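Chemist: Pasting a structure here, questions to come.
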Amino acid sequence: MREISLRLGGQAPAARTECRGGKRFAWLYRIDLAKPKVAMTLAKEAALDAAMAARQSCCTCRRRYFHCIPLQTLGACLECYDGRPADPASYTAPPAPHLLAA
Ligand SMILES: [Zn+2]
């Protein structure tokens, strides 16, 4: 559905296909009842980026990684937690401090 820019639109599954003797299955939906996908607004995109930034940013070194870091268990990135060096290609540099004088 998503690949052809459609969404389910609240419809119930029309059929179920199975493989591996019924161990794996997938629900099938009717295309004629599907609705066009809702485009993401700029505000939605900004909110999603803020949520991901919270999961990917280290509070200690302020780096933003390209993957989620174990904040709930370690509270920081691995480099800040135990000194294990992080691959420089796995994060973006922390934002530079403002250097403007009043
Ligand atoms: Zn860190």
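All residue names refer to the structure tokens as shown: chains lettered A, B, ... in order, residues numbered from 1 in each chain, ligands numbered from 1 in order.
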Would you name the residues within 6 Å of ligand 1, counting only C-alpha atoms and all ligand atoms, and put them as a list in words?
Modeler: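 Sorted by chain and then by number, the residues are Cys58, Thr60, Cys61, Ala76, Cys77, Glu79 and Cys80 of chain A.
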Chemist: Write out the residues from the selection above, keeping N, CA, C and O atoms, as a PDB file, in the first residue's frame.
Modeler:
ATOM      1  N   CYS A  58      23.604  12.564  22.842  1.00  0.00           N
ATOM      2  CA  CYS A  58      24.220  12.305  24.139  1.00  0.00           C
ATOM      3  C   CYS A  58      24.174  13.594  24.957  1.00  0.00           C
ATOM      4  O   CYS A  58      24.539  14.659  24.475  1.00  0.00           O
ATOM      5  N   THR A  60      25.973  14.274  27.528  1.00  0.00           N
ATOM      6  CA  THR A  60      27.288  14.642  28.044  1.00  0.00           C
ATOM      7  C   THR A  60      28.135  15.343  26.988  1.00  0.00           C
ATOM      8  O   THR A  60      28.639  16.433  27.223  1.00  0.00           O
ATOM      9  N   CYS A  61      28.290  14.707  25.806  1.00  0.00           N
ATOM     10  CA  CYS A  61      29.162  15.286  24.780  1.00  0.00           C
ATOM     11  C   CYS A  61      28.387  16.059  23.719  1.00  0.00           C
ATOM     12  O   CYS A  61      29.007  16.683  22.865  1.00  0.00           O
ATOM     13  N   ALA A  76      24.192   7.744  28.489  1.00  0.00           N
ATOM     14  CA  ALA A  76      25.116   8.496  27.645  1.00  0.00           C
ATOM     15  C   ALA A  76      25.551   7.591  26.500  1.00  0.00           C
ATOM     16  O   ALA A  76      25.189   6.420  26.456  1.00  0.00           O
ATOM     17  N   CYS A  77      26.352   8.137  25.577  1.00  0.00           N
ATOM     18  CA  CYS A  77      26.888   7.306  24.505  1.00  0.00           C
ATOM     19  C   CYS A  77      27.990   6.419  25.095  1.00  0.00           C
ATOM     20  O   CYS A  77      28.449   6.651  26.213  1.00  0.00           O
ATOM     21  N   GLU A  79      31.100   6.157  24.341  1.00  0.00           N
ATOM     22  CA  GLU A  79      32.362   6.855  24.572  1.00  0.00           C
ATOM     23  C   GLU A  79      32.339   7.604  25.899  1.00  0.00           C
ATOM     24  O   GLU A  79      33.313   7.608  26.639  1.00  0.00           O
ATOM     25  N   CYS A  80      31.222   8.234  26.225  1.00  0.00           N
ATOM     26  CA  CYS A  80      31.111   8.950  27.497  1.00  0.00           C
ATOM     27  C   CYS A  80      30.956   7.966  28.663  1.00  0.00           C
ATOM     28  O   CYS A  80      31.398   8.237  29.771  1.00  0.00           O
TER      29      CYS A  80
END
Chemist: As a PyMOL selection string, please: the residues near Met52 in chain A (cut-off 12 Å, only C-alpha atoms, same-chain neighbours under 3 positions excluded).
Modeler: chain A and resi 45-49+55-58+64-69
Chemist: For the selection you just gave me, I'd like the residues written to a file as a compact mmCIF listing (two decimals), in the first residue's frame, keeping C-alpha atoms.
Modeler:
# COMPACT_ATOMS: atom_id res chain seq x y z
CA GLU A 45 8.52 16.40 10.17
CA ALA A 46 10.02 18.82 12.72
CA ALA A 47 8.28 17.00 15.60
CA LEU A 48 9.55 13.64 14.34
CA ASP A 49 13.09 15.01 14.04
CA ARG A 55 16.87 9.41 21.34
CA GLN A 56 20.09 9.91 19.35
CA SER A 57 21.80 12.74 21.25
CA CYS A 58 24.22 12.30 24.14
CA ARG A 64 23.98 13.42 17.69
CA TYR A 65 24.46 9.85 16.49
CA PHE A 66 22.89 8.32 13.39
CA HIS A 67 21.46 5.56 15.63
CA CYS A 68 19.64 5.54 18.96
CA ILE A 69 21.92 5.40 21.97
Chemist: Check the DSSP output for the backbone and give back, as a PDB file with N, CA and C atoms, in the first residue's frame, the residues of chain A in strand (DSSP E or B).
Modeler:
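New file part_7.pdb:
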ATOM      1  N   LEU A   6      -0.750   4.762  -0.932  1.00  0.00           N
ATOM      2  CA  LEU A   6      -2.087   4.565  -0.383  1.00  0.00           C
ATOM      3  C   LEU A   6      -1.973   4.169   1.076  1.00  0.00           C
ATOM      4  N   ARG A   7      -3.080   4.360   1.821  1.00  0.00           N
ATOM      5  CA  ARG A   7      -3.143   3.917   3.208  1.00  0.00           C
ATOM      6  C   ARG A   7      -4.410   3.087   3.374  1.00  0.00           C
ATOM      7  N   ALA A  15      -8.500 -10.555   3.240  1.00  0.00           N
ATOM      8  CA  ALA A  15      -8.068 -11.949   3.156  1.00  0.00           C
ATOM      9  C   ALA A  15      -6.750 -12.099   3.908  1.00  0.00           C
ATOM     10  N   ARG A  16      -6.329 -13.346   4.043  1.00  0.00           N
ATOM     11  CA  ARG A  16      -5.078 -13.639   4.732  1.00  0.00           C
ATOM     12  C   ARG A  16      -4.324 -14.654   3.890  1.00  0.00           C
ATOM     13  N   THR A  17      -3.054 -14.394   3.635  1.00  0.00           N
ATOM     14  CA  THR A  17      -2.241 -15.353   2.891  1.00  0.00           C
ATOM     15  C   THR A  17      -1.246 -15.983   3.856  1.00  0.00           C
ATOM     16  N   GLU A  18      -1.001 -17.259   3.678  1.00  0.00           N
ATOM     17  CA  GLU A  18      -0.121 -17.979   4.593  1.00  0.00           C
ATOM     18  C   GLU A  18       1.001 -18.665   3.837  1.00  0.00           C
ATOM     19  N   CYS A  19       2.113 -18.853   4.532  1.00  0.00           N
ATOM     20  CA  CYS A  19       3.202 -19.666   3.992  1.00  0.00           C
ATOM     21  C   CYS A  19       3.847 -20.396   5.159  1.00  0.00           C
ATOM     22  N   ARG A  24       3.756 -18.363   9.043  1.00  0.00           N
ATOM     23  CA  ARG A  24       3.893 -16.956   8.641  1.00  0.00           C
ATOM     24  C   ARG A  24       2.657 -16.579   7.846  1.00  0.00           C
ATOM     25  N   PHE A  25       2.157 -15.392   8.069  1.00  0.00           N
ATOM     26  CA  PHE A  25       0.990 -14.954   7.315  1.00  0.00           C
ATOM     27  C   PHE A  25       1.041 -13.446   7.121  1.00  0.00           C
ATOM     28  N   ALA A  26       0.233 -12.962   6.197  1.00  0.00           N
ATOM     29  CA  ALA A  26       0.105 -11.527   5.946  1.00  0.00           C
ATOM     30  C   ALA A  26      -1.346 -11.223   5.627  1.00  0.00           C
ATOM     31  N   TRP A  27      -1.815 -10.075   6.109  1.00  0.00           N
ATOM     32  CA  TRP A  27      -3.174  -9.644   5.821  1.00  0.00           C
ATOM     33  C   TRP A  27      -3.199  -8.948   4.475  1.00  0.00           C
ATOM     34  N   LEU A  28      -4.256  -9.169   3.719  1.00  0.00           N
ATOM     35  CA  LEU A  28      -4.423  -8.532   2.418  1.00  0.00           C
ATOM     36  C   LEU A  28      -5.593  -7.554   2.498  1.00  0.00           C
ATOM     37  N   LYS A  35      -7.283   4.682   0.762  1.00  0.00           N
ATOM     38  CA  LYS A  35      -7.335   6.139   0.595  1.00  0.00           C
ATOM     39  C   LYS A  35      -5.928   6.663   0.313  1.00  0.00           C
ATOM     40  N   PRO A  36      -5.826   7.845  -0.291  1.00  0.00           N
ATOM     41  CA  PRO A  36      -4.481   8.369  -0.577  1.00  0.00           C
ATOM     42  C   PRO A  36      -3.728   8.688   0.697  1.00  0.00           C
ATOM     43  N   SER A  57      20.823  11.760  20.782  1.00  0.00           N
ATOM     44  CA  SER A  57      21.799  12.744  21.254  1.00  0.00           C
ATOM     45  C   SER A  57      22.300  12.386  22.647  1.00  0.00           C
ATOM     46  N   ARG A  64      25.186  14.111  18.139  1.00  0.00           N
ATOM     47  CA  ARG A  64      23.976  13.416  17.694  1.00  0.00           C
ATOM     48  C   ARG A  64      24.416  12.260  16.809  1.00  0.00           C
ATOM     49  N   TYR A  65      24.085  11.052  17.226  1.00  0.00           N
ATOM     50  CA  TYR A  65      24.459   9.853  16.489  1.00  0.00           C
ATOM     51  C   TYR A  65      23.421   9.556  15.416  1.00  0.00           C
ATOM     52  N   TYR A  91      28.347   9.878  13.933  1.00  0.00           N
ATOM     53  CA  TYR A  91      27.675  10.985  14.608  1.00  0.00           C
ATOM     54  C   TYR A  91      27.956  12.298  13.889  1.00  0.00           C
ATOM     55  N   THR A  92      27.156  13.290  14.208  1.00  0.00           N
ATOM     56  CA  THR A  92      27.417  14.643  13.715  1.00  0.00           C
ATOM     57  C   THR A  92      27.988  15.443  14.872  1.00  0.00           C
TER      58      THR A  92
END
Chemist: Out of chain A, which residues get alpha helix (DSSP H) from DSSP, as a PDB file with N, CA and C atoms, in the first residue's frame?
Modeler:
ATOM      1  N   LEU A  42       5.378  20.060   7.376  1.00  0.00           N
ATOM      2  CA  LEU A  42       6.673  20.487   7.904  1.00  0.00           C
ATOM      3  C   LEU A  42       6.692  20.403   9.430  1.00  0.00           C
ATOM      4  N   ALA A  43       5.569  20.738  10.069  1.00  0.00           N
ATOM      5  CA  ALA A  43       5.498  20.681  11.522  1.00  0.00           C
ATOM      6  C   ALA A  43       5.615  19.240  12.015  1.00  0.00           C
ATOM      7  N   LYS A  44       4.967  18.289  11.299  1.00  0.00           N
ATOM      8  CA  LYS A  44       5.074  16.873  11.668  1.00  0.00           C
ATOM      9  C   LYS A  44       6.505  16.391  11.520  1.00  0.00           C
ATOM     10  N   GLU A  45       7.145  16.808  10.417  1.00  0.00           N
ATOM     11  CA  GLU A  45       8.519  16.404  10.166  1.00  0.00           C
ATOM     12  C   GLU A  45       9.445  16.956  11.251  1.00  0.00           C
ATOM     13  N   ALA A  46       9.208  18.213  11.672  1.00  0.00           N
ATOM     14  CA  ALA A  46      10.022  18.823  12.724  1.00  0.00           C
ATOM     15  C   ALA A  46       9.813  18.099  14.049  1.00  0.00           C
ATOM     16  N   ALA A  47       8.571  17.716  14.351  1.00  0.00           N
ATOM     17  CA  ALA A  47       8.281  17.005  15.597  1.00  0.00           C
ATOM     18  C   ALA A  47       8.943  15.630  15.600  1.00  0.00           C
ATOM     19  N   LEU A  48       8.906  14.942  14.450  1.00  0.00           N
ATOM     20  CA  LEU A  48       9.549  13.638  14.343  1.00  0.00           C
ATOM     21  C   LEU A  48      11.055  13.763  14.510  1.00  0.00           C
ATOM     22  N   ASP A  49      11.648  14.807  13.914  1.00  0.00           N
ATOM     23  CA  ASP A  49      13.087  15.006  14.038  1.00  0.00           C
ATOM     24  C   ASP A  49      13.465  15.329  15.477  1.00  0.00           C
ATOM     25  N   ALA A  50      12.643  16.095  16.172  1.00  0.00           N
ATOM     26  CA  ALA A  50      12.927  16.427  17.571  1.00  0.00           C
ATOM     27  C   ALA A  50      12.869  15.176  18.444  1.00  0.00           C
ATOM     28  N   ALA A  51      11.900  14.307  18.165  1.00  0.00           N
ATOM     29  CA  ALA A  51      11.786  13.071  18.934  1.00  0.00           C
ATOM     30  C   ALA A  51      12.987  12.161  18.684  1.00  0.00           C
ATOM     31  N   MET A  52      13.423  12.070  17.432  1.00  0.00           N
ATOM     32  CA  MET A  52      14.574  11.236  17.123  1.00  0.00           C
ATOM     33  C   MET A  52      15.858  11.851  17.680  1.00  0.00           C
ATOM     34  N   ALA A  53      15.948  13.181  17.674  1.00  0.00           N
ATOM     35  CA  ALA A  53      17.132  13.848  18.235  1.00  0.00           C
ATOM     36  C   ALA A  53      17.268  13.532  19.716  1.00  0.00           C
ATOM     37  N   ALA A  54      16.136  13.448  20.425  1.00  0.00           N
ATOM     38  CA  ALA A  54      16.176  13.136  21.848  1.00  0.00           C
ATOM     39  C   ALA A  54      16.702  11.721  22.086  1.00  0.00           C
ATOM     40  N   ARG A  55      16.425  10.789  21.179  1.00  0.00           N
ATOM     41  CA  ARG A  55      16.868   9.405  21.340  1.00  0.00           C
ATOM     42  C   ARG A  55      18.288   9.193  20.832  1.00  0.00           C
ATOM     43  N   GLN A  56      18.787  10.105  19.991  1.00  0.00           N
ATOM     44  CA  GLN A  56      20.087   9.914  19.349  1.00  0.00           C
ATOM     45  C   GLN A  56      21.173  10.825  19.901  1.00  0.00           C
ATOM     46  N   LEU A  78      28.414   5.410  24.331  1.00  0.00           N
ATOM     47  CA  LEU A  78      29.415   4.470  24.846  1.00  0.00           C
ATOM     48  C   LEU A  78      30.731   5.158  25.156  1.00  0.00           C
ATOM     49  N   GLU A  79      31.100   6.157  24.341  1.00  0.00           N
ATOM     50  CA  GLU A  79      32.362   6.855  24.572  1.00  0.00           C
ATOM     51  C   GLU A  79      32.339   7.604  25.899  1.00  0.00           C
ATOM     52  N   CYS A  80      31.222   8.234  26.225  1.00  0.00           N
ATOM     53  CA  CYS A  80      31.111   8.950  27.497  1.00  0.00           C
ATOM     54  C   CYS A  80      30.956   7.966  28.663  1.00  0.00           C
ATOM     55  N   TYR A  81      30.323   6.804  28.394  1.00  0.00           N
ATOM     56  CA  TYR A  81      30.064   5.855  29.470  1.00  0.00           C
ATOM     57  C   TYR A  81      31.317   5.113  29.901  1.00  0.00           C
ATOM     58  N   ASP A  82      32.030   4.508  28.915  1.00  0.00           N
ATOM     59  CA  ASP A  82      33.203   3.716  29.311  1.00  0.00           C
ATOM     60  C   ASP A  82      34.447   4.034  28.487  1.00  0.00           C
TER      61      ASP A  82
END
Chemist: Quick one, how far is CA of Ala12 in chain A from CA of Arg30 in chain A?
Modeler: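 CA of Arg30 in chain A lies at a distance of 9.0 Å from CA of Ala12 in chain A.
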Chemist: Quick one, how far is CA of Pro95 in chain A from CA of Thr41 in chain A?
Modeler: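 Between these atoms lies a distance of 25.4 Å.
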